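The file my_file-v7.txt comes next; it holds compact mmCIF, C-alpha atoms.
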# COMPACT_ATOMS: atom_id res chain seq x y z
CA MET A 1 -57.64 -166.05 -8.40
CA ALA A 2 -58.98 -169.36 -7.07
CA LYS A 3 -55.36 -170.47 -6.68
CA LYS A 4 -54.61 -167.28 -4.77
CA HIS A 5 -57.56 -167.94 -2.47
CA ASN A 6 -56.45 -171.52 -1.83
CA GLU A 7 -52.90 -170.34 -1.03
CA TRP A 8 -54.34 -167.72 1.32
CA MET A 9 -56.58 -170.37 3.00
CA ALA A 10 -53.54 -172.59 3.56
CA ARG A 11 -51.49 -169.72 4.96
CA PHE A 12 -54.14 -168.75 7.52
CA GLN A 13 -55.44 -172.30 8.09
CA ARG A 14 -58.91 -171.22 7.02
CA VAL A 15 -61.46 -174.03 6.72
CA TYR A 16 -65.01 -173.46 5.46
CA LYS A 17 -67.95 -175.57 6.55
CA ASP A 18 -69.21 -176.29 3.02
CA ASP A 19 -68.93 -175.25 -0.61
CA LYS A 20 -71.63 -172.63 -0.25
CA GLU A 21 -69.67 -170.91 2.51
CA LYS A 22 -66.47 -171.19 0.47
CA ALA A 23 -68.18 -169.60 -2.55
CA LYS A 24 -69.42 -166.71 -0.40
CA ARG A 25 -65.96 -166.18 1.13
CA TYR A 26 -64.29 -166.45 -2.26
CA GLN A 27 -66.53 -163.65 -3.54
CA ILE A 28 -65.49 -161.34 -0.66
CA PHE A 29 -61.85 -162.37 -1.05
CA LYS A 30 -61.94 -161.61 -4.79
CA GLU A 31 -63.35 -158.14 -4.14
CA ARG A 32 -60.70 -157.54 -1.47
CA VAL A 33 -57.86 -158.49 -3.83
CA LYS A 34 -59.28 -156.17 -6.51
CA PHE A 35 -59.67 -153.37 -3.96
CA ILE A 36 -56.10 -153.83 -2.63
CA GLU A 37 -54.57 -153.93 -6.11
CA SER A 38 -56.40 -150.85 -7.34
CA PHE A 39 -55.54 -148.92 -4.17
CA ASN A 40 -51.85 -149.82 -4.33
CA SER A 41 -51.53 -149.06 -8.05
CA ALA A 42 -52.74 -145.48 -7.63
CA GLY A 43 -49.84 -143.07 -7.21
CA ASN A 44 -49.02 -140.80 -4.26
CA ARG A 45 -50.02 -143.21 -1.49
CA THR A 46 -48.38 -142.87 1.91
CA PHE A 47 -49.33 -146.46 2.79
CA ALA A 48 -50.00 -149.80 1.15
CA LEU A 49 -52.69 -152.44 1.64
CA GLY A 50 -52.19 -156.18 1.68
CA LEU A 51 -53.93 -159.49 2.35
CA ASN A 52 -54.16 -160.57 5.99
CA GLU A 53 -56.19 -163.06 7.99
CA PHE A 54 -59.31 -160.85 7.66
CA SER A 55 -59.44 -160.74 3.86
CA ASP A 56 -62.54 -162.94 3.54
CA LEU A 57 -64.63 -160.98 6.05
CA SER A 58 -67.09 -158.26 5.10
CA ARG A 59 -66.59 -154.93 6.80
CA GLU A 60 -69.70 -155.55 8.94
CA GLU A 61 -68.48 -158.97 10.10
CA PHE A 62 -65.08 -157.56 10.80
CA MET A 63 -66.48 -154.73 12.89
CA ALA A 64 -68.75 -157.07 14.86
CA SER A 65 -65.95 -159.40 15.91
CA ARG A 66 -62.69 -157.44 15.92
CA MET A 67 -63.54 -154.06 17.44
CA GLY A 68 -65.47 -153.30 20.61
CA TYR A 69 -64.80 -149.85 22.04
CA VAL A 70 -67.84 -148.46 23.87
CA LYS A 71 -67.55 -145.00 25.37
CA PRO A 72 -68.53 -144.91 29.06
CA SER A 73 -71.47 -142.64 29.84
CA SER A 74 -70.10 -139.54 31.57
CA SER A 75 -72.65 -139.78 34.38
CA GLN A 76 -71.17 -143.12 35.47
CA MET A 77 -67.56 -141.99 35.29
CA THR A 78 -65.90 -139.96 37.97
CA PRO A 79 -62.23 -139.80 37.02
CA GLN A 80 -59.96 -140.11 40.04
CA SER A 81 -58.47 -136.78 39.04
CA MET A 82 -59.27 -134.26 36.39
CA SER A 83 -55.63 -133.22 36.31
CA PHE A 84 -53.26 -133.96 33.45
CA ARG A 85 -49.87 -134.70 34.98
CA TYR A 86 -47.95 -134.04 31.79
CA GLN A 87 -49.35 -130.59 30.95
CA ASP A 88 -46.14 -128.77 31.85
CA VAL A 89 -43.81 -131.21 30.10
CA THR A 90 -41.71 -129.41 27.51
CA ASP A 91 -38.58 -130.47 25.59
CA LEU A 92 -40.31 -133.51 24.13
CA PRO A 93 -38.09 -135.84 22.13
CA SER A 94 -38.73 -135.63 18.37
CA SER A 95 -39.41 -139.37 18.44
CA ILE A 96 -39.91 -142.11 21.02
CA ASP A 97 -40.48 -145.84 20.71
CA TRP A 98 -41.51 -147.68 23.87
CA THR A 99 -41.06 -151.04 22.10
CA ALA A 100 -37.33 -150.28 21.75
CA LYS A 101 -37.22 -149.27 25.42
CA GLY A 102 -38.58 -152.64 26.55
CA ALA A 103 -41.96 -151.40 27.78
CA VAL A 104 -44.15 -153.24 25.27
CA THR A 105 -45.05 -156.96 25.14
CA ASP A 106 -45.47 -158.93 21.90
CA VAL A 107 -48.49 -158.19 19.71
CA LYS A 108 -51.51 -160.24 20.81
CA ASN A 109 -54.63 -161.34 18.95
CA GLN A 110 -58.12 -160.73 20.37
CA GLY A 111 -59.60 -163.17 17.84
CA GLN A 112 -63.37 -163.17 17.39
CA CYS A 113 -64.17 -161.29 20.58
CA GLY A 114 -64.89 -157.56 20.70
CA CYS A 115 -62.62 -156.88 23.66
CA CYS A 116 -60.00 -154.57 22.13
CA TRP A 117 -60.64 -152.41 25.23
CA ALA A 118 -59.05 -155.09 27.46
CA PHE A 119 -55.98 -155.43 25.22
CA SER A 120 -55.52 -151.67 25.04
CA ALA A 121 -55.81 -151.24 28.81
CA ALA A 122 -53.52 -154.19 29.59
CA ALA A 123 -50.85 -152.87 27.19
CA ALA A 124 -50.93 -149.41 28.81
CA VAL A 125 -50.55 -150.96 32.29
CA GLU A 126 -47.76 -153.27 31.08
CA GLY A 127 -45.99 -150.14 29.87
CA ILE A 128 -46.28 -147.94 32.96
CA TYR A 129 -45.39 -150.85 35.25
CA GLN A 130 -42.13 -151.45 33.38
CA ILE A 131 -41.35 -147.71 33.14
CA SER A 132 -41.96 -147.35 36.90
CA GLY A 133 -39.20 -149.85 37.59
CA GLY A 134 -40.98 -153.20 37.36
CA ASN A 135 -40.34 -156.05 34.94
CA LEU A 136 -42.12 -156.23 31.62
CA ILE A 137 -44.95 -158.66 32.42
CA SER A 138 -47.63 -159.73 29.97
CA LEU A 139 -50.94 -159.11 31.79
CA SER A 140 -54.27 -160.94 31.70
CA GLU A 141 -56.91 -159.59 29.31
CA GLN A 142 -59.02 -162.60 30.25
CA GLN A 143 -59.26 -161.40 33.86
CA LEU A 144 -60.64 -158.08 32.59
CA LEU A 145 -63.01 -159.90 30.25
CA ASP A 146 -64.39 -162.19 32.99
CA CYS A 147 -64.26 -160.03 36.10
CA ASN A 148 -64.67 -156.38 35.00
CA THR A 149 -68.48 -156.21 35.12
CA ASP A 150 -68.70 -152.48 34.25
CA ASN A 151 -67.65 -153.54 30.75
CA HIS A 152 -69.49 -155.93 28.43
CA GLY A 153 -66.94 -158.65 27.71
CA CYS A 154 -66.80 -159.53 24.01
CA ARG A 155 -69.61 -157.04 23.34
CA GLY A 156 -67.33 -154.10 24.05
CA GLY A 157 -66.10 -151.84 26.79
CA SER A 158 -63.86 -148.94 27.69
CA MET A 159 -60.31 -148.61 28.95
CA GLU A 160 -61.36 -146.19 31.69
CA TYR A 161 -63.60 -148.84 33.27
CA ALA A 162 -60.75 -151.33 32.94
CA PHE A 163 -58.34 -148.93 34.69
CA LYS A 164 -60.90 -148.36 37.43
CA PHE A 165 -61.15 -152.14 37.90
CA ILE A 166 -57.35 -152.57 37.98
CA THR A 167 -57.04 -149.72 40.50
CA GLU A 168 -59.41 -151.58 42.83
CA ASN A 169 -58.39 -155.20 42.14
CA GLY A 170 -55.02 -155.28 40.42
CA ILE A 171 -54.37 -157.41 37.35
CA THR A 172 -52.57 -160.75 37.28
CA ALA A 173 -50.05 -162.03 34.74
CA TYR A 174 -51.25 -163.49 31.44
CA GLU A 175 -49.68 -166.87 32.28
CA ASN A 176 -51.83 -167.14 35.44
CA TYR A 177 -55.08 -166.41 33.60
CA PRO A 178 -54.57 -166.95 29.84
CA TYR A 179 -56.76 -165.62 27.06
CA GLN A 180 -59.74 -167.77 25.93
CA GLU A 181 -61.33 -165.57 23.23
CA SER A 182 -64.69 -165.66 25.07
CA GLN A 183 -66.16 -164.33 28.28
CA ASN A 184 -66.35 -166.81 31.15
CA SER A 185 -67.12 -166.55 34.85
CA CYS A 186 -64.57 -164.70 36.95
CA ASN A 187 -61.81 -166.91 38.31
CA SER A 188 -60.93 -165.14 41.56
CA GLN A 189 -58.29 -167.70 42.44
CA ALA A 190 -56.33 -167.07 39.22
CA SER A 191 -56.89 -163.32 39.61
CA ASN A 192 -55.00 -163.28 42.90
CA LEU A 193 -51.94 -165.24 41.81
CA SER A 194 -48.69 -163.33 41.68
CA PRO A 195 -47.14 -161.65 39.82
CA LYS A 196 -49.95 -159.15 40.04
CA VAL A 197 -49.78 -155.47 39.10
CA MET A 198 -51.53 -152.62 40.92
CA ILE A 199 -52.05 -149.07 39.62
CA SER A 200 -52.91 -145.92 41.58
CA GLY A 201 -55.55 -144.65 39.16
CA TYR A 202 -55.84 -143.22 35.68
CA GLU A 203 -56.13 -139.89 33.93
CA ASN A 204 -57.61 -138.66 30.68
CA VAL A 205 -55.55 -136.76 28.16
CA PRO A 206 -57.20 -133.38 27.43
CA LYS A 207 -59.54 -133.97 24.51
CA ASN A 208 -58.89 -132.93 20.91
CA SER A 209 -55.25 -132.05 21.39
CA GLU A 210 -52.60 -134.04 19.60
CA SER A 211 -49.97 -131.95 21.38
CA ALA A 212 -51.31 -133.05 24.80
CA LEU A 213 -51.40 -136.64 23.51
CA MET A 214 -47.76 -136.27 22.49
CA GLN A 215 -46.87 -135.05 26.01
CA ALA A 216 -48.45 -138.21 27.41
CA VAL A 217 -46.98 -140.68 24.88
CA ALA A 218 -43.51 -139.17 25.46
CA ASN A 219 -43.85 -140.50 29.02
CA GLN A 220 -45.73 -143.79 28.69
CA PRO A 221 -47.89 -145.93 26.36
CA VAL A 222 -51.42 -144.50 26.16
CA SER A 223 -54.82 -146.14 25.52
CA VAL A 224 -56.54 -144.61 22.51
CA ALA A 225 -60.02 -145.03 21.02
CA ILE A 226 -60.17 -144.85 17.23
CA ASP A 227 -62.58 -145.12 14.31
CA ALA A 228 -61.32 -148.20 12.47
CA TYR A 229 -64.47 -148.85 10.45
CA CYS A 230 -63.14 -148.68 6.92
CA ASP A 231 -61.74 -151.13 4.40
CA VAL A 232 -58.35 -149.45 4.18
CA PHE A 233 -57.87 -149.88 7.94
CA GLN A 234 -58.89 -153.55 7.78
CA GLN A 235 -56.39 -154.25 4.97
CA TYR A 236 -53.58 -151.89 6.07
CA LYS A 237 -50.16 -153.43 5.42
CA SER A 238 -47.38 -150.84 5.65
CA GLY A 239 -46.44 -147.18 5.53
CA ILE A 240 -48.05 -144.20 7.24
CA PHE A 241 -51.84 -144.55 7.37
CA SER A 242 -53.29 -141.21 6.26
CA GLU A 243 -56.96 -141.74 5.39
CA SER A 244 -59.64 -140.77 7.86
CA CYS A 245 -62.16 -143.48 8.69
CA GLY A 246 -64.30 -140.91 10.53
CA THR A 247 -64.70 -140.01 14.20
CA ASN A 248 -67.17 -142.65 15.37
CA LEU A 249 -64.94 -144.30 17.97
CA ASN A 250 -65.38 -148.09 17.77
CA HIS A 251 -61.97 -149.68 18.36
CA ALA A 252 -59.23 -149.44 20.98
CA VAL A 253 -55.47 -149.49 20.43
CA THR A 254 -52.35 -148.43 22.34
CA PHE A 255 -50.05 -145.62 21.26
CA VAL A 256 -46.52 -146.83 22.01
CA GLY A 257 -44.50 -144.05 20.42
CA TYR A 258 -44.30 -141.40 17.72
CA GLY A 259 -41.80 -140.26 15.13
CA VAL A 260 -41.14 -138.66 11.77
CA ASP A 261 -40.66 -140.58 8.52
CA GLU A 262 -37.09 -139.94 7.32
CA ASP A 263 -37.98 -139.99 3.62
CA THR A 264 -41.11 -137.85 3.56
CA GLY A 265 -40.96 -135.86 6.79
CA THR A 266 -44.47 -137.13 7.66
CA LYS A 267 -45.15 -137.24 11.40
CA TYR A 268 -46.75 -140.40 12.75
CA TRP A 269 -47.99 -142.19 15.84
CA LEU A 270 -46.75 -145.74 16.50
CA VAL A 271 -49.84 -147.84 17.16
CA LYS A 272 -49.96 -151.29 18.76
CA ASN A 273 -53.07 -153.21 17.70
CA SER A 274 -54.54 -156.53 18.93
CA TRP A 275 -55.23 -158.21 15.59
CA GLY A 276 -52.18 -160.50 15.50
CA THR A 277 -49.07 -160.00 13.39
CA SER A 278 -50.51 -160.68 9.91
CA TRP A 279 -52.16 -157.24 10.03
CA GLY A 280 -50.10 -154.12 9.39
CA GLU A 281 -46.39 -153.84 10.11
CA ASN A 282 -46.14 -157.05 12.17
CA GLY A 283 -49.22 -156.03 14.15
CA TYR A 284 -48.36 -152.31 14.34
CA MET A 285 -49.51 -149.27 12.37
CA ARG A 286 -47.87 -145.94 11.77
CA LEU A 287 -50.71 -143.43 11.70
CA GLN A 288 -50.40 -139.83 10.53
CA ARG A 289 -49.87 -137.36 13.39
CA ASP A 290 -50.54 -133.60 13.58
CA VAL A 291 -53.35 -133.52 11.05
CA ASP A 292 -55.36 -130.33 10.55
CA ALA A 293 -58.31 -131.61 12.58
CA PRO A 294 -58.21 -131.15 16.38
CA GLU A 295 -59.65 -134.65 16.98
CA GLY A 296 -56.73 -136.22 15.12
CA LEU A 297 -56.89 -138.73 12.27
CA CYS A 298 -59.76 -141.22 12.85
CA GLY A 299 -60.58 -139.43 16.13
CA VAL A 300 -57.47 -140.55 18.04
CA ALA A 301 -57.31 -137.39 20.16
CA MET A 302 -60.95 -137.58 21.29
CA ASP A 303 -60.68 -140.01 24.19
CA PRO A 304 -57.15 -141.07 25.21
CA SER A 305 -56.42 -142.22 28.76
CA TYR A 306 -53.54 -143.74 30.69
CA PRO A 307 -52.93 -145.57 33.97
CA VAL A 308 -50.97 -143.96 36.78
CA ILE A 309 -48.54 -145.57 39.23
CA THR A 310 -47.39 -143.30 42.02
CA ASN A 311 -44.52 -144.87 43.88
structure tokens encoding of this file:
Amino acid sequence: MAKKHNEWMARFQRVYKDDKEKAKRYQIFKERVKFIESFNSAGNRTFALGLNEFSDLSREEFMASRMGYVKPSSSQMTPQSMSFRYQDVTDLPSSIDWTAKGAVTDVKNQGQCGCCWAFSAAAAVEGIYQISGGNLISLSEQQLLDCNTDNHGCRGGSMEYAFKFITENGITAYENYPYQESQNSCNSQASNLSPKVMISGYENVPKNSESALMQAVANQPVSVAIDAYCDVFQQYKSGIFSESCGTNLNHAVTFVGYGVDEDTGTKYWLVKNSWGTSWGENGYMRLQRDVDAPEGLCGVAMDPSYPVITN
């Protein structure tokens, strides 16, 4: 096991400050390996777990540094429109994958900063901008982190506030204002460099309806809040994730498609995360769709939203 830990440390370039820290991390790592092996050896699983760069973090540490969705208080939010532009959309394709259609940038890594909200919002805007006829441009999460004062930087935030900010200020390209993994003061000069993307506003998907969410995702990538606070989510490796972590929304992701597993007939959402590519299926998760709870698995249908570009 110690050999396994050393190999894992080398793979993820993990360095500990002293032997005491290494002993503590080794303990967590050992428990993780045991947990992963016992989970995977049980029959009838729709998904598998595996080691990733987070396998020496406790669940509490992981939550503190890798999540960061905070629901906006309804009194502060006045959505630009209460309408749902996709409510009359019928004839939905049985599957769609916006990554294959060129509307999704590479998987990014938020690192030790609870700003999943910025990554989720940027990914949704990257998507609608490309779908509306623009190029696929990687956009600046750092600008949102530094300049979007309605949100709380690495201490969390919401995609709606981010969309509101982008509606008013636009968002510049990632290369103009690259990610630093910490909140700094707003660089207005970098923020105004082109290319810069504007949106017209945003809308919320009607709550607790996976069918409404499907109408939206059939048309564009959608920002989704999720409860990711469970060990199986942290160590997810492959397959269709089918265990509920609960409905306490604490993380933000982007739904970039949906489909049906050919072998089992299980319906799933295609989820882009911001935890790098060592997590999940190269940074993505397939998450069970059409479950028998209106809020969706892990609460995914409770608070989805998407940016709007009206040409």
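Counting all atoms listed in the file, the residue from A:Gly265, A:Gly259, A:Gly246, A:Gly68 that sits nearest to A:Ala218 is A:Gly259.
Each of A:Ile240, A:Ile28, A:Leu297, A:Val308 was compared to A:Asn208 using only C-alpha atoms, and A:Leu297 turns out to be the nearest.
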Give me the residues of stretch 150-229 of chain A that have any atom at most 10 Å from an atom of stretch 96-108 of chain A; for each, the nearest atom pair and the distance in Å, rounded to one decimal. Use all atoms listed in the file, sort by chain and number, and format it as a Markdown table.
| residue | atom | partner | partner_atom | distance |
| --- | --- | --- | --- | --- |
| A:Tyr179 | CA | A:Lys108 | CA | 9.8 |
| A:Met214 | CA | A:Ile96 | CA | 9.9 |
| A:Val217 | CA | A:Ile96 | CA | 8.2 |
| A:Ala218 | CA | A:Ile96 | CA | 6.4 |
| A:Asn219 | CA | A:Ile96 | CA | 9.1 |
| A:Gln220 | CA | A:Trp98 | CA | 7.5 |
| A:Pro221 | CA | A:Trp98 | CA | 7.1 |
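For the residues A:Cys298, A:Leu287, A:Ile166, A:Val232, ranking by smallest atom-to-atom distance to A:Leu49 using all atoms listed in the file places A:Val232 first.
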As a check of understanding: the span from atom CA of A:Lys164 to atom CA of A:Val271 is 23.1 Å
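Take atom CA of A:Ser182 and atom CA of A:Cys113: the distance between them is 6.3 Å.
Each of A:Cys116, A:Leu57, A:Leu270, A:Ile128 was checked against A:Tyr202 using all atoms listed in the file; the smallest atom-to-atom distance is that of A:Ile128.
Here the question is which of A:Gln235, A:Gln288, A:Thr167, A:Asn250 gets nearest to A:Phe29 using all atoms listed in the file, and that residue is A:Gln235.
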Near stretch 142-156 of chain A, counting only C-alpha atoms, which residues have an atom at most 8 Å away, once you skip same-chain residues fewer than 6 positions from it, shown as a PDB file with C-alpha atoms, keeping the file's coordinate frame?
ATOM      1  CA  MET A  67     -63.540-154.060  17.440  1.00  0.00           C
ATOM      2  CA  GLY A  68     -65.470-153.300  20.610  1.00  0.00           C
ATOM      3  CA  TYR A  69     -64.800-149.850  22.040  1.00  0.00           C
ATOM      4  CA  VAL A  70     -67.840-148.460  23.870  1.00  0.00           C
ATOM      5  CA  CYS A 113     -64.170-161.290  20.580  1.00  0.00           C
ATOM      6  CA  GLY A 114     -64.890-157.560  20.700  1.00  0.00           C
ATOM      7  CA  CYS A 115     -62.620-156.880  23.660  1.00  0.00           C
ATOM      8  CA  CYS A 116     -60.000-154.570  22.130  1.00  0.00           C
ATOM      9  CA  TRP A 117     -60.640-152.410  25.230  1.00  0.00           C
ATOM     10  CA  ALA A 118     -59.050-155.090  27.460  1.00  0.00           C
ATOM     11  CA  ALA A 162     -60.750-151.330  32.940  1.00  0.00           C
ATOM     12  CA  PHE A 165     -61.150-152.140  37.900  1.00  0.00           C
ATOM     13  CA  ILE A 171     -54.370-157.410  37.350  1.00  0.00           C
ATOM     14  CA  THR A 172     -52.570-160.750  37.280  1.00  0.00           C
ATOM     15  CA  TYR A 174     -51.250-163.490  31.440  1.00  0.00           C
ATOM     16  CA  TYR A 177     -55.080-166.410  33.600  1.00  0.00           C
ATOM     17  CA  PRO A 178     -54.570-166.950  29.840  1.00  0.00           C
ATOM     18  CA  TYR A 179     -56.760-165.620  27.060  1.00  0.00           C
ATOM     19  CA  GLN A 180     -59.740-167.770  25.930  1.00  0.00           C
ATOM     20  CA  GLU A 181     -61.330-165.570  23.230  1.00  0.00           C
ATOM     21  CA  SER A 182     -64.690-165.660  25.070  1.00  0.00           C
ATOM     22  CA  GLN A 183     -66.160-164.330  28.280  1.00  0.00           C
ATOM     23  CA  ASN A 184     -66.350-166.810  31.150  1.00  0.00           C
ATOM     24  CA  SER A 185     -67.120-166.550  34.850  1.00  0.00           C
ATOM     25  CA  CYS A 186     -64.570-164.700  36.950  1.00  0.00           C
ATOM     26  CA  ASN A 187     -61.810-166.910  38.310  1.00  0.00           C
ATOM     27  CA  SER A 191     -56.890-163.320  39.610  1.00  0.00           C
TER      28      SER A 191
END
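Closest to A:Lys22 among A:Glu37, A:Asp231, A:Glu175, A:Asp56 is A:Asp56, based on only C-alpha atoms.
The spacing separating atom CA of A:Ala123 from atom CA of A:Thr46 amounts to 27.3 Å.
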To box stretch 109-121 of chain A, take all atoms listed in the file, fit an axis-aligned box, add 3 Å on each side, and give centre and edge lengths in Å to one decimal, as AutoDock Vina command-line options.
--center_x -59.8 --center_y -157.2 --center_z 23.1 --size_x 16.3 --size_y 17.9 --size_z 17.4
